[in-house]
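**Q** To be precise about what I am sending: the file is called protein.cif and holds mmCIF, C-alpha atoms.
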```cif
data_model
loop_
_atom_site.label_atom_id
_atom_site.label_comp_id
_atom_site.auth_asym_id
_atom_site.auth_seq_id
_atom_site.Cartn_x
_atom_site.Cartn_y
_atom_site.Cartn_z
CA MET H 188 88.82 112.61 90.26
CA GLN H 189 87.86 110.96 86.97
CA ARG H 190 84.36 111.74 85.78
CA THR H 191 83.88 108.05 85.05
CA VAL H 192 84.60 107.27 88.72
CA GLN H 193 82.12 109.91 89.86
CA ALA H 194 79.50 108.53 87.47
CA TYR H 195 80.10 104.99 88.70
CA PHE H 196 79.62 105.95 92.36
CA ASP H 197 76.49 107.90 91.51
CA ASP H 198 75.17 104.74 89.87
CA ALA H 199 76.34 102.57 92.78
CA ALA H 200 75.09 104.77 95.64
CA GLU H 201 72.17 102.51 96.58
CA SER H 202 74.40 99.44 96.36
CA TYR H 203 76.94 100.99 98.72
CA HIS H 204 74.18 102.01 101.12
CA GLN H 205 73.06 98.37 101.25
CA ALA H 206 76.66 97.14 101.56
CA TYR H 207 76.70 98.27 105.21
CA GLN H 208 73.52 96.34 106.05
CA THR H 209 74.19 92.79 107.20
CA GLU H 210 70.72 91.59 106.22
CA GLN H 211 71.27 92.73 102.61
CA ASP H 212 74.80 91.48 101.96
CA PRO H 213 76.45 90.02 105.09
CA PHE H 214 79.78 89.32 103.39
CA ARG H 215 80.23 92.83 102.01
CA ALA H 216 78.88 94.39 105.19
CA HIS H 217 81.47 92.48 107.20
CA ILE H 218 84.28 93.93 105.06
CA PHE H 219 83.01 97.52 105.18
CA LEU H 220 82.05 97.50 108.86
CA THR H 221 85.39 95.97 109.84
CA ARG H 222 87.09 98.88 108.07
CA VAL H 223 84.91 101.35 109.96
CA ARG H 224 85.78 99.64 113.25
CA LEU H 225 89.51 99.81 112.56
CA VAL H 226 89.36 103.49 111.63
CA LEU H 227 87.47 104.29 114.84
CA GLU H 228 90.00 102.33 116.89
CA LEU H 229 92.87 104.32 115.39
CA LEU H 230 91.08 107.63 116.05
CA ARG H 231 91.32 107.24 119.81
CA THR H 232 90.39 110.82 120.67
CA SER H 233 86.93 112.19 119.96
CA GLN H 234 87.34 115.94 120.11
CA GLY H 235 87.88 118.41 117.32
CA ARG H 236 87.23 118.53 113.60
CA VAL H 237 87.58 115.55 111.29
CA LEU H 238 87.27 115.35 107.51
CA ASP H 239 86.02 112.13 105.91
CA ALA H 240 87.42 112.62 102.42
CA GLY H 241 85.34 110.32 100.22
CA CYS H 242 82.58 109.65 102.76
CA GLY H 243 80.34 107.52 100.51
CA PRO H 244 76.97 106.74 102.14
CA GLY H 245 78.06 108.37 105.41
CA VAL H 246 78.37 105.40 107.76
CA LEU H 247 81.71 106.50 109.17
CA VAL H 248 80.55 110.12 109.32
CA ALA H 249 77.61 109.13 111.53
CA GLU H 250 79.83 107.03 113.81
CA LEU H 251 82.36 109.84 114.20
CA ALA H 252 79.64 112.37 115.03
CA ALA H 253 78.17 109.97 117.60
CA ARG H 254 81.59 109.89 119.30
CA GLY H 255 81.76 113.65 119.65
CA TRP H 256 83.64 114.77 116.55
CA ASP H 257 82.57 117.73 114.42
CA VAL H 258 82.56 116.01 111.03
CA TRP H 259 82.90 117.20 107.46
CA GLY H 260 81.78 114.54 104.99
CA LEU H 261 83.02 115.13 101.45
CA ASP H 262 82.23 113.12 98.33
CA ALA H 263 82.37 113.69 94.58
CA ALA H 264 79.12 111.79 93.87
CA PRO H 265 75.87 113.70 94.54
CA ALA H 266 73.91 110.45 94.90
CA MET H 267 76.30 109.25 97.61
CA LEU H 268 75.86 112.47 99.54
CA ALA H 269 72.08 112.13 99.23
CA GLN H 270 72.31 108.67 100.81
CA ALA H 271 74.58 110.03 103.55
CA ARG H 272 72.24 112.91 104.39
CA GLN H 273 69.27 110.55 104.51
CA ARG H 274 71.15 108.26 106.93
CA VAL H 275 71.47 110.93 109.64
CA ARG H 276 68.37 113.01 108.93
CA GLY H 277 66.50 113.75 112.16
CA THR H 278 69.25 112.41 114.44
CA VAL H 279 71.09 114.29 117.17
CA GLU H 280 74.36 113.61 115.35
CA ALA H 281 73.17 115.55 112.29
CA GLN H 282 73.90 118.81 114.12
CA ARG H 283 77.62 117.95 114.18
CA ILE H 284 77.86 117.07 110.47
CA HIS H 285 78.68 119.28 107.48
CA TRP H 286 78.30 117.89 103.94
CA LEU H 287 80.49 118.92 101.03
CA LEU H 288 80.28 118.03 97.34
CA GLY H 289 83.83 118.09 96.06
CA ASP H 290 86.99 116.44 94.80
CA VAL H 291 89.62 115.02 97.17
CA GLU H 292 92.34 116.29 94.84
CA HIS H 293 90.99 119.87 94.99
CA LEU H 294 89.32 120.25 98.39
CA GLY H 295 88.74 124.01 98.29
CA LEU H 296 89.09 124.21 102.10
CA GLY H 297 91.33 126.36 104.28
CA GLU H 298 94.77 125.34 105.50
CA GLN H 299 95.29 123.46 108.79
CA VAL H 300 91.56 123.22 109.50
CA PHE H 301 91.22 119.64 110.75
CA ASP H 302 92.51 117.67 113.72
CA ALA H 303 92.10 114.43 111.78
CA VAL H 304 91.48 113.34 108.20
CA VAL H 305 90.23 109.96 107.00
CA CYS H 306 90.64 108.86 103.39
CA ALA H 307 89.12 105.37 103.22
CA GLY H 308 88.67 103.46 99.98
CA VAL H 309 89.46 106.46 97.79
CA MET H 310 93.06 106.55 96.60
CA GLU H 311 92.79 103.34 94.60
CA TYR H 312 90.37 105.09 92.21
CA LEU H 313 92.69 108.03 91.47
CA GLU H 314 95.18 108.25 88.63
CA THR H 315 97.98 109.43 90.93
CA ASP H 316 98.58 109.94 94.65
CA GLU H 317 100.49 113.22 94.69
CA ALA H 318 97.60 115.69 94.50
CA VAL H 319 95.43 114.02 97.13
CA LEU H 320 98.31 113.66 99.61
CA ARG H 321 99.25 117.32 99.17
CA GLU H 322 95.65 118.37 99.78
CA LEU H 323 95.17 116.14 102.82
CA ARG H 324 98.37 117.47 104.37
CA ARG H 325 97.41 121.06 103.60
CA VAL H 326 94.07 120.92 105.44
CA LEU H 327 95.43 118.93 108.41
CA LYS H 328 96.82 120.67 111.48
CA ALA H 329 100.41 119.98 112.58
CA GLY H 330 100.35 116.88 114.76
CA GLY H 331 96.97 115.87 113.29
CA THR H 332 96.09 112.30 112.42
CA LEU H 333 95.72 110.95 108.88
CA ILE H 334 94.16 107.52 108.29
CA ILE H 335 94.31 105.93 104.85
CA THR H 336 92.82 102.61 103.73
CA VAL H 337 93.74 100.89 100.45
CA PRO H 338 93.60 97.40 98.90
CA ASN H 339 96.65 95.31 99.79
CA ALA H 340 98.60 94.18 96.72
CA CYS H 341 100.46 91.57 98.81
CA SER H 342 97.33 89.71 99.88
CA PRO H 343 97.10 86.16 98.46
CA PHE H 344 93.32 86.58 98.43
CA ASN H 345 93.54 89.74 96.34
CA LEU H 346 96.01 88.12 93.96
CA CYS H 347 93.64 85.18 93.51
CA ASP H 348 90.65 87.49 93.01
CA ARG H 349 92.43 89.60 90.42
CA PHE H 350 93.51 86.54 88.47
CA LEU H 351 90.00 85.07 88.47
CA MET H 352 88.46 88.47 87.70
CA THR H 353 90.68 88.80 84.63
CA ILE H 354 89.20 85.55 83.35
CA ALA H 355 85.65 86.58 84.32
CA ARG H 356 86.07 89.99 82.70
CA GLY H 357 87.12 88.36 79.46
CA ALA H 358 84.10 86.05 79.61
CA ALA H 359 81.81 89.01 80.33
CA HIS H 360 83.06 90.99 77.36
CA MET H 361 82.70 87.92 75.18
CA ALA H 362 79.11 87.54 76.39
CA ALA H 363 78.44 91.21 75.64
CA TRP H 364 79.84 90.74 72.13
CA VAL H 365 77.82 87.58 71.48
CA THR H 366 74.59 89.17 72.78
CA LYS H 367 75.34 92.44 70.92
CA GLY H 368 75.57 94.43 74.14
CA ARG H 369 72.50 93.03 75.87
CA TYR H 370 74.52 91.32 78.60
CA ARG H 371 75.26 93.50 81.64
CA PRO H 372 76.23 92.51 85.22
CA ARG H 373 73.20 92.90 87.47
CA GLN H 374 74.57 94.87 90.43
CA ALA H 375 76.50 98.14 90.29
CA SER H 376 79.16 96.66 92.56
CA GLU H 377 79.68 93.89 90.01
CA ARG H 378 79.74 96.33 87.08
CA LEU H 379 82.78 98.04 88.60
CA ALA H 380 84.85 94.88 88.21
CA PHE H 381 83.93 94.48 84.55
CA ARG H 382 84.69 98.05 83.46
CA ARG H 383 88.00 98.83 81.80
CA ASP H 384 87.72 102.62 82.02
CA LEU H 385 87.99 102.83 85.82
CA VAL H 386 91.20 103.02 87.82
CA ASP H 387 91.34 100.38 90.57
CA ARG H 388 94.84 100.20 92.01
CA HIS H 389 96.28 97.98 94.74
CA TYR H 390 99.15 99.09 96.97
CA LEU H 391 102.20 97.46 98.52
CA PRO H 392 101.89 98.61 102.17
CA PRO H 393 105.61 99.42 102.66
CA ARG H 394 105.60 101.56 99.51
CA LEU H 395 102.43 103.36 100.60
CA ASP H 396 104.03 104.09 103.97
CA GLN H 397 107.17 105.47 102.33
CA MET H 398 105.19 107.61 99.89
CA VAL H 399 103.00 109.15 102.60
CA GLN H 400 106.02 109.82 104.81
CA ARG H 401 107.75 111.62 101.91
CA HIS H 402 104.81 114.03 101.95
CA GLY H 403 105.53 115.13 105.52
CA PHE H 404 103.93 112.46 107.71
CA GLN H 405 105.22 110.01 110.28
CA LYS H 406 103.74 106.52 110.38
CA ILE H 407 102.21 105.47 113.69
CA SER H 408 100.68 102.08 112.92
CA GLY H 409 99.31 99.80 110.21
CA ARG H 410 96.58 97.18 110.39
CA TYR H 411 95.19 94.59 107.99
CA GLN H 412 91.64 93.31 107.49
CA SER H 413 89.47 90.88 105.51
CA TYR H 414 90.94 87.43 105.07
CA PHE H 415 88.99 85.71 102.33
CA SER H 416 88.37 85.88 98.62
CA SER H 417 85.58 88.33 97.79
CA LEU H 418 84.62 86.18 94.78
CA SER H 419 83.72 83.30 97.10
CA LYS H 420 80.44 84.97 98.04
CA TYR H 421 79.13 84.23 94.55
CA LEU H 422 79.90 80.51 94.96
CA TRP H 423 78.68 79.87 98.52
CA PRO H 424 77.52 83.09 100.24
CA SER H 425 76.71 81.72 103.70
CA LEU H 426 79.98 79.80 103.97
CA ALA H 427 81.97 82.77 102.66
CA PHE H 428 80.49 85.00 105.37
CA ARG H 429 81.33 82.56 108.17
CA LEU H 430 84.87 82.08 106.92
CA ALA H 431 85.34 85.84 106.54
CA GLN H 432 84.34 86.32 110.18
CA LYS H 433 86.71 83.62 111.41
CA GLY H 434 89.47 84.83 109.12
CA GLU H 435 89.88 88.07 111.07
CA ALA H 436 91.77 86.03 113.68
CA LEU H 437 94.69 86.02 111.21
CA SER H 438 95.15 89.75 111.84
CA ARG H 439 96.46 88.87 115.31
CA ILE H 440 99.10 86.45 113.99
CA PRO H 441 102.16 88.39 112.75
CA ALA H 442 103.14 85.72 110.23
CA PHE H 443 99.73 85.91 108.50
CA ALA H 444 98.46 89.43 109.23
CA TRP H 445 99.70 90.75 105.87
CA TRP H 446 97.35 88.32 104.06
CA GLY H 447 94.47 90.74 104.67
CA THR H 448 92.90 92.21 101.54
CA GLY H 449 92.73 95.70 103.06
CA TYR H 450 95.44 97.87 104.64
CA VAL H 451 94.61 100.59 107.19
CA ALA H 452 97.46 102.96 108.07
CA GLN H 453 97.69 105.71 110.67
CA PHE H 454 100.01 108.71 110.22
CA VAL H 455 100.70 111.98 112.03
CA LYS H 456 101.50 115.22 110.22
CA CYS H 457 105.00 116.45 111.01
CA ALA H 458 105.37 120.05 112.11
#
```
Show this structure as C-alpha coordinates.
**A**
Amino acid sequence: MQRTVQAYFDDAAESYHQAYQTEQDPFRAHIFLTRVRLVLELLRTSQGRVLDAGCGPGVLVAELAARGWDVWGLDAAPAMLAQARQRVRGTVEAQRIHWLLGDVEHLGLGEQVFDAVVCAGVMEYLETDEAVLRELRRVLKAGGTLIITVPNACSPFNLCDRFLMTIARGAAHMAAWVTKGRYRPRQASERLAFRRDLVDRHYLPPRLDQMVQRHGFQKISGRYQSYFSSLSKYLWPSLAFRLAQKGEALSRIPAFAWWGTGYVAQFVKCA
(Lines of atoms letter the chains of each structure in order from A and count residues from 1; the text may use other names and numbers.)
(Lines give C-alpha, C1' and ligand atoms only; values in the text may rest on other atoms or scores of the structure.)
Protein backbone atom coordinates (compact mmCIF):
# COMPACT_ATOMS: atom_id res chain seq x y z
CA MET A 1 0.00 0.00 0.00
CA GLN A 2 1.23 3.50 -0.82
CA ARG A 3 2.92 5.29 2.05
CA THR A 4 0.85 8.37 1.23
CA VAL A 5 -2.33 6.33 1.77
CA GLN A 6 -1.04 5.03 5.09
CA ALA A 7 -0.11 8.56 6.16
CA TYR A 8 -3.54 9.86 5.17
CA PHE A 9 -5.38 7.23 7.22
CA ASP A 10 -3.12 7.88 10.19
CA ASP A 11 -4.10 11.54 9.92
CA ALA A 12 -7.78 10.67 9.40
CA ALA A 13 -8.11 8.05 12.17
CA GLU A 14 -10.11 10.28 14.52
CA SER A 15 -12.33 11.42 11.65
CA TYR A 16 -13.11 7.82 10.70
CA HIS A 17 -13.83 6.95 14.32
CA GLN A 18 -16.40 9.76 14.40
CA ALA A 19 -17.80 8.75 11.00
CA TYR A 20 -19.56 5.78 12.64
CA GLN A 21 -21.24 7.96 15.27
CA THR A 22 -24.62 9.30 14.18
CA GLU A 23 -24.47 12.24 16.58
CA GLN A 24 -21.19 13.43 15.03
CA ASP A 25 -21.93 13.06 11.32
CA PRO A 26 -25.30 11.37 10.65
CA PHE A 27 -24.90 11.36 6.86
CA ARG A 28 -21.49 9.70 6.87
CA ALA A 29 -22.49 7.35 9.68
CA HIS A 30 -25.48 6.22 7.63
CA ILE A 31 -23.20 5.30 4.71
CA PHE A 32 -20.62 3.45 6.82
CA LEU A 33 -23.13 1.66 9.05
CA THR A 34 -25.19 0.57 6.05
CA ARG A 35 -22.05 -1.03 4.64
CA VAL A 36 -21.43 -2.82 7.94
CA ARG A 37 -25.02 -4.08 7.96
CA LEU A 38 -24.74 -5.46 4.42
CA VAL A 39 -21.47 -7.23 5.17
CA LEU A 40 -22.99 -8.85 8.27
CA GLU A 41 -26.03 -9.95 6.28
CA LEU A 42 -23.82 -11.64 3.69
CA LEU A 43 -21.78 -13.40 6.39
CA ARG A 44 -24.72 -15.53 7.49
CA THR A 45 -22.70 -17.98 9.58
CA SER A 46 -20.93 -16.89 12.75
CA GLN A 47 -18.41 -19.62 13.42
CA GLY A 48 -14.75 -19.79 12.54
CA ARG A 49 -12.01 -17.33 11.75
CA VAL A 50 -12.53 -14.13 9.79
CA LEU A 51 -10.00 -11.57 8.58
CA ASP A 52 -11.05 -7.92 8.26
CA ALA A 53 -8.38 -6.75 5.82
CA GLY A 54 -8.29 -2.98 6.24
CA CYS A 55 -10.29 -2.84 9.47
CA GLY A 56 -10.04 0.93 10.06
CA PRO A 57 -11.44 1.98 13.46
CA GLY A 58 -12.67 -1.56 14.15
CA VAL A 59 -16.45 -1.18 13.98
CA LEU A 60 -16.95 -4.27 11.83
CA VAL A 61 -14.38 -6.21 13.87
CA ALA A 62 -16.37 -5.58 17.06
CA GLU A 63 -19.65 -6.58 15.39
CA LEU A 64 -18.16 -9.80 14.03
CA ALA A 65 -16.71 -10.74 17.42
CA ALA A 66 -20.08 -10.06 19.06
CA ARG A 67 -21.62 -12.58 16.64
CA GLY A 68 -19.21 -15.33 17.61
CA TRP A 69 -16.42 -15.03 15.06
CA ASP A 70 -12.74 -15.20 15.99
CA VAL A 71 -11.59 -12.01 14.27
CA TRP A 72 -8.27 -10.78 12.94
CA GLY A 73 -8.33 -7.04 12.30
CA LEU A 74 -5.53 -5.83 10.02
CA ASP A 75 -4.71 -2.27 9.02
CA ALA A 76 -1.69 -0.43 7.64
CA ALA A 77 -2.25 2.71 9.76
CA PRO A 78 -1.09 2.51 13.40
CA ALA A 79 -3.47 5.31 14.43
CA MET A 80 -6.42 3.38 13.01
CA LEU A 81 -5.46 0.29 14.97
CA ALA A 82 -5.15 2.41 18.12
CA GLN A 83 -8.73 3.62 17.61
CA ALA A 84 -9.88 0.04 16.98
CA ARG A 85 -8.22 -1.30 20.13
CA GLN A 86 -9.72 1.50 22.19
CA ARG A 87 -13.20 0.69 20.84
CA VAL A 88 -13.23 -2.84 22.26
CA ARG A 89 -10.99 -2.38 25.30
CA GLY A 90 -12.57 -3.98 28.37
CA THR A 91 -15.35 -5.73 26.44
CA VAL A 92 -16.10 -9.44 26.32
CA GLU A 93 -15.59 -9.37 22.55
CA ALA A 94 -11.97 -8.25 22.97
CA GLN A 95 -11.00 -11.82 23.86
CA ARG A 96 -11.98 -12.96 20.36
CA ILE A 97 -10.03 -10.25 18.52
CA HIS A 98 -6.44 -10.25 17.24
CA TRP A 99 -4.91 -7.02 15.88
CA LEU A 100 -2.34 -6.92 13.11
CA LEU A 101 -0.37 -4.01 11.67
CA GLY A 102 0.27 -4.86 8.05
CA ASP A 103 -0.30 -4.44 4.34
CA VAL A 104 -3.20 -6.14 2.52
CA GLU A 105 -0.91 -6.78 -0.45
CA HIS A 106 1.65 -8.60 1.75
CA LEU A 107 -0.32 -10.16 4.62
CA GLY A 108 2.46 -12.31 6.08
CA LEU A 109 -0.09 -14.91 7.25
CA GLY A 110 -0.29 -18.65 6.65
CA GLU A 111 -2.17 -20.27 3.79
CA GLN A 112 -5.85 -21.26 4.07
CA VAL A 113 -6.20 -19.86 7.59
CA PHE A 114 -9.57 -18.12 7.42
CA ASP A 115 -13.16 -19.21 6.87
CA ALA A 116 -14.06 -15.73 5.66
CA VAL A 117 -12.28 -12.56 4.58
CA VAL A 118 -13.72 -9.05 4.36
CA CYS A 119 -12.01 -6.33 2.33
CA ALA A 120 -14.23 -3.26 2.71
CA GLY A 121 -13.28 0.17 1.39
CA VAL A 122 -9.68 -0.83 0.66
CA MET A 123 -9.10 -1.78 -2.97
CA GLU A 124 -9.95 1.65 -4.33
CA TYR A 125 -6.82 3.04 -2.62
CA LEU A 126 -4.43 0.52 -4.18
CA GLU A 127 -2.50 0.98 -7.41
CA THR A 128 -3.52 -2.45 -8.72
CA ASP A 129 -5.82 -5.31 -7.72
CA GLU A 130 -3.69 -8.34 -8.55
CA ALA A 131 -1.55 -8.55 -5.40
CA VAL A 132 -4.39 -8.07 -2.92
CA LEU A 133 -6.63 -10.63 -4.64
CA ARG A 134 -3.81 -13.19 -4.68
CA GLU A 135 -3.18 -12.63 -0.98
CA LEU A 136 -6.85 -12.80 0.01
CA ARG A 137 -7.27 -16.05 -1.91
CA ARG A 138 -4.11 -17.50 -0.40
CA VAL A 139 -5.20 -17.02 3.22
CA LEU A 140 -8.81 -18.13 2.62
CA LYS A 141 -9.85 -21.76 2.99
CA ALA A 142 -11.42 -23.59 0.04
CA GLY A 143 -15.14 -22.85 0.10
CA GLY A 144 -14.53 -19.78 2.28
CA THR A 145 -16.37 -16.52 1.80
CA LEU A 146 -14.82 -13.32 0.44
CA ILE A 147 -16.70 -10.01 0.71
CA ILE A 148 -15.42 -6.95 -1.14
CA THR A 149 -16.86 -3.42 -1.11
CA VAL A 150 -15.86 -0.72 -3.61
CA PRO A 151 -17.24 2.57 -4.98
CA ASN A 152 -19.61 2.02 -7.91
CA ALA A 153 -18.43 3.75 -11.09
CA CYS A 154 -21.91 3.35 -12.65
CA SER A 155 -23.71 5.34 -9.95
CA PRO A 156 -25.21 8.63 -11.20
CA PHE A 157 -24.55 10.07 -7.75
CA ASN A 158 -20.87 9.17 -7.91
CA LEU A 159 -20.57 10.56 -11.42
CA CYS A 160 -22.13 13.83 -10.25
CA ASP A 161 -19.88 13.96 -7.18
CA ARG A 162 -16.72 13.35 -9.18
CA PHE A 163 -17.62 16.05 -11.68
CA LEU A 164 -18.36 18.60 -8.94
CA MET A 165 -15.27 17.53 -6.98
CA THR A 166 -13.09 18.17 -10.02
CA ILE A 167 -14.36 21.75 -10.04
CA ALA A 168 -14.00 22.08 -6.25
CA ARG A 169 -10.48 20.64 -6.34
CA GLY A 170 -9.47 23.20 -8.92
CA ALA A 171 -10.94 25.98 -6.78
CA ALA A 172 -9.14 24.64 -3.70
CA HIS A 173 -5.77 24.58 -5.41
CA MET A 174 -6.39 28.07 -6.72
CA ALA A 175 -7.19 29.21 -3.17
CA ALA A 176 -4.01 27.56 -1.90
CA TRP A 177 -2.00 29.36 -4.59
CA VAL A 178 -3.61 32.74 -3.86
CA THR A 179 -3.11 32.36 -0.08
CA LYS A 180 0.44 31.01 -0.59
CA GLY A 181 -0.42 27.65 0.94
CA ARG A 182 -2.36 28.91 3.95
CA TYR A 183 -5.66 27.46 2.73
CA ARG A 184 -6.31 23.85 3.79
CA PRO A 185 -9.60 21.89 4.02
CA ARG A 186 -10.64 21.64 7.66
CA GLN A 187 -11.43 17.93 8.07
CA ALA A 188 -9.19 15.01 7.17
CA SER A 189 -12.06 13.40 5.26
CA GLU A 190 -12.28 16.53 3.11
CA ARG A 191 -8.51 16.68 2.61
CA LEU A 192 -8.62 13.27 0.92
CA ALA A 193 -10.77 14.64 -1.89
CA PHE A 194 -8.41 17.54 -2.56
CA ARG A 195 -5.18 15.52 -2.71
CA ARG A 196 -3.76 14.52 -6.07
CA ASP A 197 -1.21 12.04 -4.75
CA LEU A 198 -3.74 9.47 -3.50
CA VAL A 199 -5.28 6.69 -5.55
CA ASP A 200 -9.09 6.69 -5.33
CA ARG A 201 -10.54 4.36 -7.95
CA HIS A 202 -14.15 3.50 -8.78
CA TYR A 203 -15.18 0.14 -10.20
CA LEU A 204 -17.69 -1.11 -12.75
CA PRO A 205 -19.40 -3.94 -10.80
CA PRO A 206 -19.50 -6.44 -13.71
CA ARG A 207 -15.78 -5.93 -14.33
CA LEU A 208 -14.98 -6.34 -10.63
CA ASP A 209 -16.97 -9.59 -10.59
CA GLN A 210 -15.12 -10.91 -13.63
CA MET A 211 -11.72 -9.94 -12.24
CA VAL A 212 -12.33 -11.60 -8.86
CA GLN A 213 -13.67 -14.74 -10.54
CA ARG A 214 -10.52 -14.95 -12.70
CA HIS A 215 -8.58 -15.23 -9.44
CA GLY A 216 -10.37 -18.44 -8.45
CA PHE A 217 -13.64 -17.30 -6.90
CA GLN A 218 -17.30 -17.83 -7.71
CA LYS A 219 -19.71 -14.93 -7.28
CA ILE A 220 -22.64 -15.57 -4.95
CA SER A 221 -24.37 -12.19 -4.77
CA GLY A 222 -23.96 -8.43 -5.18
CA ARG A 223 -25.71 -5.60 -3.36
CA TYR A 224 -25.74 -1.82 -3.71
CA GLN A 225 -25.98 0.92 -1.08
CA SER A 226 -26.13 4.69 -0.53
CA TYR A 227 -28.39 6.56 -2.91
CA PHE A 228 -27.53 10.22 -2.67
CA SER A 229 -24.75 12.64 -3.47
CA SER A 230 -22.19 12.80 -0.66
CA LEU A 231 -21.52 16.46 -1.50
CA SER A 232 -25.11 17.35 -0.58
CA LYS A 233 -24.29 17.16 3.13
CA TYR A 234 -22.26 20.36 2.78
CA LEU A 235 -25.25 22.20 1.28
CA TRP A 236 -28.09 21.01 3.53
CA PRO A 237 -26.91 18.37 6.05
CA SER A 238 -30.23 17.54 7.72
CA LEU A 239 -32.07 17.16 4.41
CA ALA A 240 -29.22 15.11 2.94
CA PHE A 241 -29.40 12.68 5.85
CA ARG A 242 -33.17 12.19 5.52
CA LEU A 243 -32.95 11.67 1.77
CA ALA A 244 -30.06 9.23 2.20
CA GLN A 245 -32.18 7.16 4.58
CA LYS A 246 -35.16 7.11 2.24
CA GLY A 247 -32.94 6.47 -0.76
CA GLU A 248 -32.04 2.98 0.46
CA ALA A 249 -35.49 1.88 -0.78
CA LEU A 250 -34.02 2.06 -4.30
CA SER A 251 -31.86 -0.97 -3.50
CA ARG A 252 -35.03 -3.08 -3.58
CA ILE A 253 -36.05 -1.89 -7.06
CA PRO A 254 -34.07 -3.78 -9.74
CA ALA A 255 -34.29 -0.94 -12.26
CA PHE A 256 -32.64 1.51 -9.83
CA ALA A 257 -30.55 -0.66 -7.50
CA TRP A 258 -27.37 -0.05 -9.52
CA TRP A 259 -27.62 3.70 -8.76
CA GLY A 260 -26.08 3.04 -5.33
CA THR A 261 -22.70 4.68 -4.73
CA GLY A 262 -21.29 1.55 -3.09
CA TYR A 263 -21.09 -2.04 -4.34
CA VAL A 264 -20.88 -5.00 -1.92
CA ALA A 265 -20.06 -8.37 -3.50
CA GLN A 266 -19.95 -11.85 -2.01
CA PHE A 267 -17.72 -14.60 -3.45
CA VAL A 268 -16.73 -18.14 -2.53
CA LYS A 269 -13.24 -19.53 -3.07
CA CYS A 270 -13.23 -22.39 -5.56
CA ALA A 271 -11.48 -25.58 -4.53
**Q** Please determine an axis-aligned box that encloses all atoms of range 218-235 of chain H listed in the file, with 4 Å added on each side, and express its centre and edge lengths in Å to one decimal as AutoDock Vina command-line options.
**A**
```
--center_x 87.5 --center_y 106.2 --center_z 112.9 --size_x 18.8 --size_y 32.5 --size_z 23.6
```
**Q** Compare H:Val455, H:Ile334, H:Ala240, H:Ala266 by their minimum atom-to-atom distance to Val291 in chain H, counting only C-alpha atoms, and give me the closest one.
**A**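 The closest residue to Val291 in chain H is H:Ala240.
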**Q** Do you have the CA of Ala436 in chain H-CA of Ser413 in chain H distance handy?
**A**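 Going from CA of Ala436 in chain H over to CA of Ser413 in chain H, I get 9.8 Å.
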**Q** With a distance cut-off of 10 Å and only C-alpha atoms, select the neighbouring residues of range 314-330 of chain H, excluding the residue or stretch itself and same-chain residues fewer than 6 positions from it, and output the selection as a PyMOL selection string.
**A** chain H and resi 188-189+236-238+240+290-306+385-388+395+398-399+401-405+454-458
**Q** When the PyMOL selection byres ((chain H and resi 335) around 7) is applied to the file above, which residues end up in the set, as a list in words?
**A** Val305, Cys306, Ala307, Leu333, Ile334, Thr336, Val337, Val451, Ala452 and Gln453 of chain H
**Q** Check what the PyMOL selection byres ((chain H and resi 222-235) around 6) selects in the file above and give those residues as a ChimeraX atom specification.
**A** /H:219-221,236,254-256,302
**Q** Could you check which of H:Ala442, H:Thr448, H:Pro392, H:Leu251 is closest to Leu346 in chain H, using all atoms listed in the file?
**A**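 Between H:Ala442, H:Thr448, H:Pro392, H:Leu251, the residue approaching Leu346 in chain H most closely is H:Thr448.
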**Q** Between CA of Asn339 in chain H and CA of Tyr450 in chain H, what distance in Å does the model show, to one decimal?
**A**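 One can read the CA of Asn339 in chain H to CA of Tyr450 in chain H distance as 5.6 Å.
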**Q** Just how far from CA of His204 in chain H is CA of Gly289 in chain H, in Å to one decimal?
**A**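 Computing the Euclidean distance for CA of Gly289 in chain H and CA of His204 in chain H yields 19.4 Å.
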**Q** Residues at most 10 Å from Ser438 in chain H, counting all atoms listed in the file, excluding those fewer than 5 positions away in the same chain, as a list in words?
**A**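 Neighbouring residues, sequence-local ones excluded: Arg410, Tyr411, Gln412, Ser413, Tyr414, Phe443, Ala444, Trp445, Trp446 and Gly447 of chain H.
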**Q** Which residues fall under the PyMOL selection byres ((chain H and resi 284) around 7) in this file, as JSON, numbers by chain?
**A** {"H": [252, 257, 258, 259, 280, 281, 282, 283, 285, 286]}
**Q** Tell me, as a ChimeraX atom specification, which residues lie within 12 Å of Leu426 in chain H, counting all atoms listed in the file; anything in the same chain fewer than 6 positions away does not count.
**A** /H:213-214,415-417,419-420,432-434
**Q** From the list H:Gln270, H:Phe344, H:Pro338, H:Val246, which residue is nearest Tyr312 in chain H when using only C-alpha atoms?
**A** H:Pro338
**Q** From the list H:Gly245, H:Pro424, H:Pro441, H:Gly449, which residue is nearest Leu391 in chain H when using only C-alpha atoms?
**A** H:Gly449
**Q** Given only C-alpha atoms as the basis, pick out the residue of H:Met310, H:Ile440, H:Asp396, H:Ser425 nearest to Arg215 in chain H.
**A**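 Between H:Met310, H:Ile440, H:Asp396, H:Ser425, the residue approaching Arg215 in chain H most closely is H:Ser425.
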